[in-house]
$ cat coords38.cif   # mmCIF, C-alpha atoms and all ligand atoms
data_protein
loop_
_atom_site.label_atom_id
_atom_site.label_comp_id
_atom_site.auth_asym_id
_atom_site.auth_seq_id
_atom_site.Cartn_x
_atom_site.Cartn_y
_atom_site.Cartn_z
CA THR Q 1 -46.75 -36.87 6.92
CA ALA Q 2 -44.59 -34.99 4.42
CA GLN Q 3 -44.51 -31.52 5.94
CA GLY Q 4 -43.88 -32.87 9.45
CA GLN Q 5 -40.62 -34.25 8.17
CA PHE Q 6 -39.60 -31.12 6.29
CA VAL Q 7 -40.02 -28.81 9.29
CA ASN Q 8 -37.72 -31.18 11.21
CA PHE Q 9 -35.14 -31.19 8.44
CA SER Q 10 -32.31 -29.61 10.47
CA ARG Q 11 -32.71 -32.13 13.32
CA LEU Q 12 -32.83 -35.01 10.85
CA LEU Q 13 -29.68 -33.78 9.14
CA ASP Q 14 -27.95 -33.50 12.54
CA PHE Q 15 -29.08 -37.00 13.39
CA ASN Q 16 -27.42 -38.15 10.18
CA ASN Q 17 -24.16 -36.40 11.21
CA GLN Q 18 -24.70 -33.70 8.54
CA LYS Q 19 -24.07 -36.28 5.81
CA MET Q 20 -25.90 -36.34 2.51
CA PRO Q 21 -27.77 -38.08 0.96
CA PHE Q 22 -30.13 -39.43 3.58
CA ALA Q 23 -33.80 -40.13 4.10
CA SER Q 24 -36.49 -39.85 6.73
CA ALA Q 25 -39.74 -41.79 6.80
CA MET Q 26 -43.06 -41.58 8.54
CA VAL Q 27 -46.32 -43.48 8.77
CA GLY Q 28 -49.35 -41.47 9.77
CA ARG Q 29 -52.83 -40.21 9.11
CA SER Q 30 -53.57 -38.22 5.98
CA PHE Q 31 -56.64 -36.20 5.25
CA ARG Q 32 -58.15 -35.24 1.88
CA ASN Q 33 -61.15 -33.07 1.27
CA GLU Q 34 -62.66 -35.57 -1.17
CA ILE Q 35 -65.87 -34.18 -2.65
CA ALA Q 36 -67.39 -37.57 -3.45
CA PRO Q 37 -65.82 -40.39 -1.43
CA ARG Q 38 -67.91 -43.08 -3.11
CA GLN Q 39 -65.43 -45.73 -4.21
CA GLY Q 40 -65.70 -47.85 -1.08
CA LEU Q 41 -62.38 -48.14 0.72
CA ILE Q 42 -60.41 -46.59 -2.12
CA ARG Q 43 -61.39 -42.95 -1.88
CA VAL Q 44 -61.71 -41.97 1.75
CA ARG Q 45 -61.26 -38.71 3.63
CA GLU Q 46 -58.92 -40.13 6.24
CA PHE Q 47 -56.31 -42.79 5.52
CA THR Q 48 -52.93 -44.16 6.48
CA MET Q 49 -50.00 -42.95 4.45
CA ALA Q 50 -46.37 -44.03 4.60
CA GLU Q 51 -43.89 -41.58 3.17
CA VAL Q 52 -40.16 -41.51 2.58
CA GLU Q 53 -38.43 -38.18 2.06
CA HIS Q 54 -35.03 -38.81 0.49
CA TYR Q 55 -32.80 -35.71 0.42
CA VAL Q 56 -30.33 -35.36 -2.45
CA ASP Q 57 -27.81 -32.90 -3.74
CA PRO Q 58 -29.52 -31.12 -6.68
CA LYS Q 59 -26.23 -31.37 -8.60
CA ASN Q 60 -25.97 -35.11 -8.09
CA LYS Q 61 -29.13 -37.19 -7.95
CA ASP Q 62 -27.33 -40.52 -8.22
CA HIS Q 63 -28.13 -43.19 -5.65
CA PRO Q 64 -25.31 -45.22 -4.06
CA ARG Q 65 -27.30 -48.45 -4.45
CA PHE Q 66 -28.74 -47.86 -7.92
CA ASP Q 67 -26.59 -50.63 -9.45
CA GLU Q 68 -28.31 -53.19 -7.23
CA VAL Q 69 -31.66 -52.50 -8.91
CA ALA Q 70 -30.61 -51.31 -12.41
CA HIS Q 71 -31.47 -54.67 -14.05
CA ILE Q 72 -35.04 -54.78 -12.70
CA GLU Q 73 -37.66 -54.50 -15.44
CA LEU Q 74 -40.69 -52.35 -14.74
CA PRO Q 75 -43.95 -51.90 -16.67
CA LEU Q 76 -43.60 -48.19 -17.51
CA LEU Q 77 -46.18 -45.92 -19.08
CA PRO Q 78 -44.19 -42.77 -19.90
CA SER Q 79 -46.05 -39.54 -20.67
CA SER Q 80 -44.87 -39.67 -24.32
CA VAL Q 81 -46.65 -43.02 -24.78
CA GLN Q 82 -49.83 -41.70 -23.14
CA LEU Q 83 -49.79 -38.62 -25.37
CA GLU Q 84 -49.85 -40.95 -28.40
CA GLY Q 85 -53.14 -42.24 -27.00
CA LYS Q 86 -51.66 -45.58 -25.91
CA THR Q 87 -52.11 -47.33 -22.56
CA THR Q 88 -49.92 -50.43 -22.95
CA PRO Q 89 -46.94 -50.24 -20.62
CA VAL Q 90 -43.42 -50.74 -21.96
CA MET Q 91 -41.24 -53.26 -20.13
CA MET Q 92 -37.93 -51.54 -19.52
CA SER Q 93 -35.08 -52.05 -17.07
CA ILE Q 94 -34.82 -49.13 -14.67
CA GLY Q 95 -31.17 -48.79 -15.73
CA ASP Q 96 -32.24 -48.19 -19.35
CA ALA Q 97 -35.11 -45.94 -18.26
CA VAL Q 98 -32.73 -43.59 -16.44
CA ALA Q 99 -30.03 -43.79 -19.14
CA SER Q 100 -32.56 -42.83 -21.85
CA GLY Q 101 -34.00 -39.98 -19.77
CA THR Q 102 -37.42 -41.65 -19.49
CA VAL Q 103 -37.01 -41.47 -15.70
CA ASP Q 104 -35.35 -38.24 -14.61
CA ASN Q 105 -32.61 -39.50 -12.27
CA LYS Q 106 -31.09 -42.49 -10.50
CA THR Q 107 -32.60 -41.78 -7.08
CA LEU Q 108 -36.11 -41.56 -8.53
CA GLY Q 109 -35.36 -44.73 -10.52
CA TYR Q 110 -34.03 -46.49 -7.43
CA PHE Q 111 -37.27 -45.82 -5.55
CA LEU Q 112 -39.47 -46.90 -8.49
CA ALA Q 113 -37.64 -50.23 -8.45
CA ARG Q 114 -37.96 -50.54 -4.66
CA ILE Q 115 -41.70 -49.76 -4.87
CA TYR Q 116 -42.00 -52.48 -7.52
CA LEU Q 117 -40.12 -55.02 -5.35
CA TYR Q 118 -42.26 -54.11 -2.35
CA LEU Q 119 -45.55 -54.47 -4.24
CA MET Q 120 -44.42 -57.81 -5.67
CA SER Q 121 -43.34 -59.06 -2.25
CA VAL Q 122 -46.70 -58.30 -0.63
CA GLY Q 123 -48.51 -60.12 -3.44
CA ILE Q 124 -49.68 -57.59 -6.05
CA LYS Q 125 -50.06 -59.29 -9.44
CA HIS Q 126 -47.41 -58.27 -11.93
CA GLU Q 127 -49.82 -58.00 -14.86
CA LEU Q 128 -52.10 -55.71 -12.83
CA LEU Q 129 -49.39 -53.17 -12.02
CA ARG Q 130 -48.04 -50.26 -14.04
CA PHE Q 131 -45.97 -47.16 -13.39
CA ARG Q 132 -47.61 -44.17 -15.04
CA GLN Q 133 -45.70 -40.95 -15.49
CA HIS Q 134 -47.62 -37.75 -14.81
CA LEU Q 135 -48.41 -35.78 -17.94
CA PRO Q 136 -46.82 -32.32 -18.06
CA ASN Q 137 -50.20 -30.74 -17.15
CA GLU Q 138 -50.72 -33.08 -14.15
CA MET Q 139 -47.32 -32.49 -12.63
CA ALA Q 140 -47.07 -30.00 -9.76
CA HIS Q 141 -45.27 -26.85 -10.94
CA TYR Q 142 -42.29 -27.59 -8.70
CA ALA Q 143 -41.98 -31.29 -9.57
CA ALA Q 144 -39.03 -32.38 -11.70
CA ASP Q 145 -40.65 -35.76 -12.49
CA CYS Q 146 -43.46 -37.85 -11.03
CA TRP Q 147 -44.62 -41.45 -11.44
CA ASP Q 148 -47.57 -43.27 -9.89
CA ALA Q 149 -47.66 -46.99 -9.22
CA GLU Q 150 -51.17 -47.86 -10.40
CA ILE Q 151 -52.82 -51.15 -9.56
CA LYS Q 152 -55.77 -52.56 -11.48
CA THR Q 153 -58.73 -53.56 -9.34
CA SER Q 154 -62.47 -53.93 -9.92
CA HIS Q 155 -62.54 -50.09 -9.67
CA GLY Q 156 -60.12 -49.76 -12.62
CA TRP Q 157 -56.52 -48.52 -12.44
CA ILE Q 158 -55.96 -46.99 -9.01
CA GLU Q 159 -53.06 -44.79 -7.92
CA CYS Q 160 -51.58 -46.58 -4.91
CA VAL Q 161 -48.07 -45.18 -4.59
CA GLY Q 162 -46.88 -41.80 -5.81
CA CYS Q 163 -43.19 -41.18 -6.41
CA ALA Q 164 -42.21 -37.58 -7.07
CA ASP Q 165 -39.10 -35.50 -7.32
CA ARG Q 166 -40.38 -32.47 -5.35
CA SER Q 167 -37.18 -30.49 -6.07
CA ALA Q 168 -36.33 -27.95 -3.34
CA PHE Q 169 -39.90 -26.66 -3.14
CA ASP Q 170 -40.93 -27.63 0.40
CA LEU Q 171 -37.68 -26.80 2.17
CA THR Q 172 -37.41 -23.46 0.35
CA LYS Q 173 -40.98 -22.48 1.26
CA HIS Q 174 -40.70 -23.46 4.92
CA SER Q 175 -37.44 -21.57 5.12
CA GLU Q 176 -38.92 -18.49 3.43
CA TYR Q 177 -41.83 -18.27 5.86
CA THR Q 178 -40.09 -19.30 9.09
CA LYS Q 179 -36.83 -17.44 8.34
CA GLU Q 180 -35.02 -20.58 9.48
CA LYS Q 181 -32.27 -21.96 7.28
CA LEU Q 182 -33.12 -25.43 5.97
CA CYS Q 183 -30.01 -26.25 4.04
CA VAL Q 184 -26.87 -28.34 3.91
CA ARG Q 185 -23.40 -26.91 4.48
CA GLU Q 186 -20.68 -28.96 2.88
CA THR Q 187 -16.95 -28.37 3.24
CA LEU Q 188 -15.52 -28.11 -0.26
CA PRO Q 189 -12.67 -30.53 -1.08
CA GLN Q 190 -10.77 -27.51 -2.45
CA PRO Q 191 -11.59 -23.90 -1.57
CA LEU Q 192 -13.38 -22.04 -4.34
CA VAL Q 193 -11.51 -18.82 -5.16
CA THR Q 194 -13.36 -16.17 -7.18
CA GLN Q 195 -13.05 -12.47 -7.97
CA LYS Q 196 -16.09 -10.41 -7.15
CA LEU Q 197 -17.05 -6.74 -7.25
CA VAL Q 198 -18.36 -5.87 -3.80
CA CYS Q 199 -19.71 -2.78 -2.08
CA GLU Q 200 -18.74 -2.02 1.50
CA VAL Q 201 -20.12 0.96 3.39
CA ASN Q 202 -17.97 3.30 5.44
CA SER Q 203 -20.24 3.35 8.48
CA LYS Q 204 -18.60 6.42 10.08
CA VAL Q 205 -19.90 8.57 7.21
CA PHE Q 206 -22.72 6.39 5.85
CA GLY Q 207 -24.68 6.15 9.13
CA PRO Q 208 -24.69 9.84 10.13
CA LYS Q 209 -25.54 10.97 6.57
CA LEU Q 210 -28.46 8.63 5.95
CA LYS Q 211 -29.63 8.27 9.57
CA ARG Q 212 -32.67 5.95 9.81
CA SER Q 213 -32.47 5.05 6.14
CA ALA Q 214 -28.85 3.84 6.44
CA LYS Q 215 -29.74 0.20 6.99
CA PRO Q 216 -32.17 -0.26 4.09
CA VAL Q 217 -29.88 1.64 1.70
CA GLN Q 218 -26.92 -0.49 2.78
CA GLY Q 219 -29.03 -3.63 2.26
CA TYR Q 220 -29.96 -2.42 -1.19
CA LEU Q 221 -26.36 -1.69 -2.17
CA GLU Q 222 -25.16 -5.05 -0.90
CA SER Q 223 -27.85 -6.90 -2.86
CA LEU Q 224 -26.93 -5.27 -6.20
CA SER Q 225 -25.61 -7.44 -9.02
CA GLU Q 226 -22.10 -6.79 -10.30
CA ALA Q 227 -23.51 -5.09 -13.41
CA ASP Q 228 -25.58 -2.69 -11.27
CA LEU Q 229 -22.62 -2.00 -9.00
CA VAL Q 230 -20.56 -1.00 -12.04
CA VAL Q 231 -23.20 1.67 -12.83
CA VAL Q 232 -22.97 3.07 -9.29
CA GLN Q 233 -19.17 2.92 -9.42
CA ASP Q 234 -19.12 4.82 -12.76
CA ALA Q 235 -21.45 7.51 -11.48
CA LEU Q 236 -19.33 8.01 -8.35
CA SER Q 237 -16.12 8.42 -10.32
CA LYS Q 238 -17.59 10.59 -13.13
CA ASN Q 239 -20.08 12.77 -11.20
CA GLY Q 240 -18.76 12.48 -7.67
CA LYS Q 241 -22.13 11.13 -6.59
CA ALA Q 242 -24.71 8.45 -7.40
CA THR Q 243 -28.44 8.29 -6.81
CA VAL Q 244 -29.98 5.21 -5.25
CA VAL Q 245 -33.74 4.67 -5.56
CA LEU Q 246 -35.55 2.41 -3.10
CA SER Q 247 -39.04 1.27 -3.93
CA GLY Q 248 -41.39 -1.22 -2.32
CA THR Q 249 -39.71 -0.79 1.10
CA PRO Q 250 -40.70 1.26 4.17
CA ALA Q 251 -37.74 3.54 3.36
CA ASP Q 252 -38.81 4.33 -0.24
CA GLY Q 253 -37.17 7.37 -1.79
CA GLU Q 254 -34.08 8.73 -3.55
CA TYR Q 255 -30.77 8.83 -1.72
CA GLU Q 256 -27.53 10.48 -2.73
CA ILE Q 257 -24.32 8.52 -2.24
CA THR Q 258 -20.87 10.13 -2.34
CA PRO Q 259 -17.48 8.40 -2.77
CA ASP Q 260 -16.56 8.86 0.91
CA MET Q 261 -19.58 6.76 1.96
CA VAL Q 262 -18.71 3.51 0.17
CA THR Q 263 -15.86 1.44 -1.23
CA ILE Q 264 -16.65 -0.48 -4.40
CA GLU Q 265 -13.83 -2.77 -5.45
CA THR Q 266 -12.98 -6.21 -6.78
CA ARG Q 267 -12.08 -8.63 -4.00
CA THR Q 268 -10.79 -12.17 -3.98
CA ILE Q 269 -13.34 -14.36 -2.27
CA THR Q 270 -12.37 -17.76 -0.90
CA GLU Q 271 -15.28 -20.11 -0.14
CA ASN Q 272 -14.57 -23.19 1.93
CA VAL Q 273 -18.16 -24.22 2.32
CA ARG Q 274 -20.90 -24.89 -0.18
CA GLU Q 275 -24.41 -24.17 1.03
CA TYR Q 276 -27.42 -25.63 -0.77
CA THR Q 277 -31.04 -26.62 -0.31
CA PRO Q 278 -31.46 -30.34 -0.99
CA ASN Q 279 -33.94 -31.70 -3.47
CA VAL Q 280 -36.41 -34.29 -2.23
CA ILE Q 281 -37.47 -37.56 -3.82
CA GLU Q 282 -40.70 -38.69 -2.18
CA PRO Q 283 -42.35 -42.10 -2.48
CA SER Q 284 -45.76 -41.99 -0.75
CA PHE Q 285 -47.67 -45.18 -0.11
CA GLY Q 286 -51.44 -45.17 0.39
CA ILE Q 287 -51.59 -48.15 2.75
CA GLY Q 288 -55.36 -48.68 2.53
CA ARG Q 289 -55.33 -48.80 -1.26
CA ILE Q 290 -52.42 -51.24 -1.33
CA LEU Q 291 -54.16 -53.47 1.21
CA TYR Q 292 -57.44 -53.32 -0.69
CA SER Q 293 -55.72 -54.25 -3.99
CA LEU Q 294 -53.84 -57.01 -2.24
CA LEU Q 295 -57.10 -58.50 -0.96
CA GLU Q 296 -58.63 -58.41 -4.45
CA HIS Q 297 -55.54 -59.91 -6.10
CA SER Q 298 -55.32 -62.69 -3.52
CA PHE Q 299 -58.99 -63.66 -3.56
CA ASN Q 300 -59.86 -66.81 -5.52
CA VAL Q 301 -62.57 -69.43 -5.78
CA ARG Q 302 -62.02 -73.16 -6.47
CA ALA Q 303 -62.49 -73.98 -10.16
CA ASN Q 304 -65.10 -76.62 -9.43
CA ASP Q 305 -66.88 -74.90 -6.55
CA GLU Q 306 -67.64 -71.18 -6.40
CA GLN Q 307 -68.71 -71.46 -2.78
CA ARG Q 308 -65.17 -72.42 -1.82
CA ALA Q 309 -63.31 -69.16 -1.67
CA TYR Q 310 -59.75 -68.74 -0.46
CA PHE Q 311 -57.00 -66.14 -0.12
CA SER Q 312 -53.60 -66.96 -1.61
CA PHE Q 313 -51.61 -64.62 0.66
CA ASN Q 314 -47.89 -64.40 0.47
CA PRO Q 315 -46.70 -65.76 3.87
CA ALA Q 316 -45.05 -62.39 4.58
CA VAL Q 317 -48.43 -60.65 4.82
CA ALA Q 318 -50.73 -63.50 5.92
CA PRO Q 319 -52.23 -62.70 9.34
CA PHE Q 320 -51.84 -66.35 10.41
CA LYS Q 321 -48.78 -68.08 8.99
CA CYS Q 322 -49.57 -71.60 9.99
CA LEU Q 323 -52.53 -73.77 10.82
CA ILE Q 324 -52.09 -76.67 13.26
CA LEU Q 325 -54.76 -79.35 13.23
CA PRO Q 326 -55.30 -82.96 14.26
CA ILE Q 327 -56.46 -85.50 11.69
CA SER Q 328 -59.39 -86.33 13.96
CA GLY Q 329 -60.89 -85.20 17.25
CA GLN Q 330 -59.23 -87.93 19.36
CA ALA Q 331 -57.69 -86.94 22.70
CA ILE Q 332 -54.31 -88.60 21.93
CA PHE Q 333 -53.37 -85.65 19.68
CA ALA Q 334 -53.78 -82.90 22.30
CA ASN Q 335 -50.18 -82.90 23.61
CA TYR Q 336 -48.69 -82.93 20.10
CA LEU Q 337 -50.83 -79.93 19.09
CA GLN Q 338 -49.70 -77.97 22.15
CA ASP Q 339 -46.06 -78.87 21.49
CA VAL Q 340 -46.11 -77.74 17.84
CA ALA Q 341 -47.99 -74.55 18.77
CA ARG Q 342 -45.47 -73.75 21.50
CA ARG Q 343 -42.52 -74.29 19.16
CA LEU Q 344 -43.98 -72.01 16.49
CA ARG Q 345 -44.82 -69.34 19.10
CA THR Q 346 -41.26 -69.47 20.44
CA GLY Q 347 -40.01 -68.98 16.88
CA GLY Q 348 -42.25 -65.92 16.48
CA VAL Q 349 -44.56 -67.54 13.93
CA PRO Q 350 -48.24 -66.57 14.39
CA ALA Q 351 -50.14 -69.88 14.29
CA ARG Q 352 -53.64 -71.04 14.97
CA VAL Q 353 -54.89 -74.43 16.24
CA ASP Q 354 -58.13 -75.69 14.74
CA ASP Q 355 -59.09 -78.85 16.64
CA ALA Q 356 -62.87 -78.44 16.72
CA ALA Q 357 -64.15 -81.99 16.96
CA SER Q 358 -67.43 -80.94 15.39
CA ALA Q 359 -65.90 -80.28 11.92
CA SER Q 360 -64.38 -82.77 9.48
CA ILE Q 361 -60.76 -82.25 8.47
CA GLY Q 362 -61.92 -81.18 4.99
CA ARG Q 363 -64.17 -78.53 6.48
CA ARG Q 364 -61.33 -77.28 8.68
CA TYR Q 365 -58.89 -77.06 5.73
CA ALA Q 366 -61.53 -75.14 3.76
CA ARG Q 367 -62.28 -72.57 6.44
CA ASN Q 368 -58.59 -71.91 7.02
CA ASP Q 369 -58.14 -71.46 3.26
CA GLU Q 370 -60.75 -68.73 3.55
CA LEU Q 371 -58.50 -67.00 6.10
CA GLY Q 372 -55.56 -67.30 3.69
CA THR Q 373 -53.34 -69.25 6.07
CA PRO Q 374 -50.49 -70.36 3.79
CA PHE Q 375 -49.12 -73.37 5.72
CA ALA Q 376 -50.70 -76.22 7.65
CA ILE Q 377 -49.27 -78.86 9.95
CA THR Q 378 -51.48 -81.91 10.35
CA VAL Q 379 -50.88 -84.10 13.34
CA ASP Q 380 -51.84 -87.67 12.35
CA PHE Q 381 -51.42 -91.23 13.63
CA GLN Q 382 -47.86 -91.42 12.37
CA THR Q 383 -47.02 -88.45 14.60
CA THR Q 384 -47.93 -90.54 17.62
CA ASP Q 385 -45.57 -93.29 16.32
CA ASP Q 386 -42.43 -91.34 15.34
CA GLY Q 387 -43.02 -87.63 16.13
CA THR Q 388 -43.11 -86.50 12.46
P1 LIG U 401 -50.94 -38.01 -3.30
O1 LIG U 401 -50.10 -37.27 -2.33
O2 LIG U 401 -52.22 -37.36 -3.64
O3 LIG U 401 -50.16 -38.48 -4.51
O4 LIG U 401 -51.37 -39.34 -2.53
C1 LIG U 401 -50.45 -40.26 -2.12
C2 LIG U 401 -51.09 -41.59 -1.99
O5 LIG U 401 -52.15 -41.55 -1.02
C3 LIG U 401 -51.78 -42.06 -3.26
O6 LIG U 401 -50.88 -42.77 -4.06
C4 LIG U 401 -52.88 -42.96 -2.75
O7 LIG U 401 -52.41 -44.26 -2.54
C5 LIG U 401 -53.22 -42.36 -1.41
N1 LIG U 401 -54.48 -41.58 -1.45
C6 LIG U 401 -54.66 -40.33 -1.93
N2 LIG U 401 -55.94 -39.92 -1.76
C7 LIG U 401 -56.59 -40.93 -1.15
C8 LIG U 401 -57.93 -41.13 -0.68
N3 LIG U 401 -58.86 -40.19 -0.81
N4 LIG U 401 -58.25 -42.30 -0.08
C9 LIG U 401 -57.31 -43.26 0.09
N5 LIG U 401 -56.03 -43.13 -0.34
C10 LIG U 401 -55.66 -41.99 -0.94
#

$ encode --input "coords38.cif" --output "structure tokens"
Amino acid sequence: TAQGQFVNFSRLLDFNNQKMPFASAMVGRSFRNEIAPRQGLIRVREFTMAEVEHYVDPKNKDHPRFDEVAHIELPLLPSSVQLEGKTTPVMMSIGDAVASGTVDNKTLGYFLARIYLYLMSVGIKHELLRFRQHLPNEMAHYAADCWDAEIKTSHGWIECVGCADRSAFDLTKHSEYTKEKLCVRETLPQPLVTQKLVCEVNSKVFGPKLKRSAKPVQGYLESLSEADLVVVQDALSKNGKATVVLSGTPADGEYEITPDMVTIETRTITENVREYTPNVIEPSFGIGRILYSLLEHSFNVRANDEQRAYFSFNPAVAPFKCLILPISGQAIFANYLQDVARRLRTGGVPARVDDAASASIGRRYARNDELGTPFAITVDFQTTDDGT
């Protein structure tokens, strides 16, 4: 789900009218070669993953909407705290966490806060959530910073959402191997004017003298740093020739260059465009783990009766939002039930009618509690009087 987005980077950037920063997102199947997938639904070989790839300018990792979340307090477990042998999270506003350098940058901080808001909104318990920073030895070599949202379940603390700054690693690697440019070209507000020592070949002489080796030697000369070019320039003016040594190429060998073959001089270079490879901030959500944690956190039993279990789902995630039931099995309620059901359906609210005459109203409340249906509308005798 991550790499599929990176290989499409140029199309995505086009789609966003070449404007930075922007993000792409994907929900799909992920596969892990887990050696021992024993922890029930938590460690599986195939699972659903939802990933955002947010592309930022490496020189400016601010987020335009950071101020909206800066005040939000998160339970953070920074690597420094873990290295002291402690596991108690520190409550800190994400604004302070970024300002103090605990979290590397505003975009990463923005997503940590959004992950927190999302987990709260689906019904994860606040006291069973922490954001743990990867220790330096856990972090991928390319990662600038990485935090995991960990949720406590009966299996212990489980990594449910990862949020990493993957730097320019993926785009650079894909570009290297496909030879396709995966970068952003930005018109500079003011042209950048610099002085640079450059080497230009005089192809009329250069080509015939070096024949098949002309191209690699030219490539070599053009790739030289200014300091190395100065050495070649000195040799040409003092000795009337310079020796160029190629190694590790198909054209390996020593080549003699004379002043008529090249021009080495300082030129004024005006750049109107800045080209760079974006860095990527990536929140990745393991949907199965979040759902599993959510089920555990929402499962309860009545204080006085262990047999009476129920789910306290947030309405946003409850499969059925509303139960419709008559106070008794009498036929006079049928039309009212249909009317309420139709009105909820029209409003897009998934509802369920439970009018089984065989069960008492208490029994029907209890079994719909087990399904975690958050609301119930009971049609009673007053309804037949005044429609309430
Ligand atoms: P990772 O890319 O390894 O950080 O994984 C991203 C997210 O995928 C994790 O935060 C987990 O929620 C989820 N995940 C990773 N491995 C598994 C697995 N074997 N089974 C279920 N979910 C997983």

$ closest_residue --input "coords38.cif" --among "Q:Glu68, Q:Glu159, Q:Ile290, Q:Phe206" --to "Val317 in chain Q" --atoms "only C-alpha atoms"
Q:Ile290

$ closest_atom_pairs --input "coords38.cif" --of "chain Q" --to "ligand LIG 401 (chain U)" --cutoff "10 Å" --atoms "all atoms listed in the file" --output "Markdown table"
| residue | atom | partner | partner_atom | distance |
| --- | --- | --- | --- | --- |
| Q:Thr1 | CA | U:LIG401 | O1 | 9.8 |
| Q:Ala2 | CA | U:LIG401 | O1 | 9.0 |
| Q:Ser30 | CA | U:LIG401 | O5 | 7.9 |
| Q:Phe31 | CA | U:LIG401 | N3 | 7.6 |
| Q:Arg32 | CA | U:LIG401 | N3 | 5.7 |
| Q:Asn33 | CA | U:LIG401 | N3 | 7.8 |
| Q:Glu34 | CA | U:LIG401 | N3 | 6.0 |
| Q:Ile35 | CA | U:LIG401 | N3 | 9.4 |
| Q:Ala36 | CA | U:LIG401 | N3 | 9.3 |
| Q:Pro37 | CA | U:LIG401 | N3 | 7.0 |
| Q:Arg38 | CA | U:LIG401 | N3 | 9.8 |
| Q:Gln39 | CA | U:LIG401 | N4 | 9.0 |
| Q:Gly40 | CA | U:LIG401 | N4 | 9.3 |
| Q:Leu41 | CA | U:LIG401 | C9 | 7.1 |
| Q:Ile42 | CA | U:LIG401 | C9 | 5.1 |
| Q:Arg43 | CA | U:LIG401 | N4 | 3.7 |
| Q:Val44 | CA | U:LIG401 | N4 | 3.9 |
| Q:Arg45 | CA | U:LIG401 | N3 | 5.3 |
| Q:Glu46 | CA | U:LIG401 | N4 | 6.7 |
| Q:Phe47 | CA | U:LIG401 | C9 | 5.5 |
| Q:Thr48 | CA | U:LIG401 | N5 | 7.6 |
| Q:Met49 | CA | U:LIG401 | O5 | 6.0 |
| Q:Ala50 | CA | U:LIG401 | O5 | 8.4 |
| Q:Glu51 | CA | U:LIG401 | C1 | 8.5 |
| Q:Cys146 | CA | U:LIG401 | O3 | 9.4 |
| Q:Trp147 | CA | U:LIG401 | O3 | 9.4 |
| Q:Asp148 | CA | U:LIG401 | O6 | 6.7 |
| Q:Ala149 | CA | U:LIG401 | O6 | 7.4 |
| Q:Glu150 | CA | U:LIG401 | O6 | 8.1 |
| Q:Ile151 | CA | U:LIG401 | O7 | 9.8 |
| Q:Ile158 | CA | U:LIG401 | O7 | 7.9 |
| Q:Glu159 | CA | U:LIG401 | O6 | 4.9 |
| Q:Cys160 | CA | U:LIG401 | O7 | 3.4 |
| Q:Val161 | CA | U:LIG401 | O6 | 3.7 |
| Q:Gly162 | CA | U:LIG401 | O6 | 4.5 |
| Q:Cys163 | CA | U:LIG401 | O3 | 7.7 |
| Q:Ala164 | CA | U:LIG401 | O3 | 8.4 |
| Q:Glu282 | CA | U:LIG401 | O1 | 9.5 |
| Q:Pro283 | CA | U:LIG401 | C1 | 8.3 |
| Q:Ser284 | CA | U:LIG401 | C1 | 5.2 |
| Q:Phe285 | CA | U:LIG401 | C2 | 5.3 |
| Q:Gly286 | CA | U:LIG401 | O7 | 3.2 |
| Q:Ile287 | CA | U:LIG401 | O7 | 6.6 |
| Q:Gly288 | CA | U:LIG401 | C9 | 6.3 |
| Q:Arg289 | CA | U:LIG401 | O7 | 5.5 |
| Q:Ile290 | CA | U:LIG401 | O7 | 7.1 |

$ atom_distance --input "coords38.cif" --atom1 "CA of Ser293 in chain Q" --atom2 "CA of Phe313 in chain Q"
12.1 Å

$ residues_around --input "coords38.cif" --residues "Leu83 in chain Q" --least-positions-apart "4" --cutoff "9 Å" --atoms "all atoms listed in the file" --output "PyMOL selection string"
chain Q and resi 78-79+135

$ residues_around --input "coords38.cif" --residues "Glu254 in chain Q" --least-positions-apart "3" --cutoff "9 Å" --atoms "only C-alpha atoms" --output "short mmCIF file (atom, residue, chain, number, x, y, z; two decimals) with C-alpha atoms, keeping the file's coordinate frame"
data_model
loop_
_atom_site.label_atom_id
_atom_site.label_comp_id
_atom_site.auth_asym_id
_atom_site.auth_seq_id
_atom_site.Cartn_x
_atom_site.Cartn_y
_atom_site.Cartn_z
CA THR Q 243 -28.44 8.29 -6.81
CA VAL Q 244 -29.98 5.21 -5.25
CA VAL Q 245 -33.74 4.67 -5.56
CA LEU Q 246 -35.55 2.41 -3.10
CA SER Q 247 -39.04 1.27 -3.93
#

$ residues_around --input "coords38.cif" --residues "Pro259 in chain Q" --least-positions-apart "3" --cutoff "8 Å" --atoms "only C-alpha atoms" --output "MDAnalysis selection string"
chainID Q and resid 236:237 240:241 262:263

$ closest_residue --input "coords38.cif" --among "Q:Pro89, Q:His63, Q:Asn300, Q:Lys204" --to "Phe111 in chain Q" --atoms "all atoms listed in the file"
Q:His63
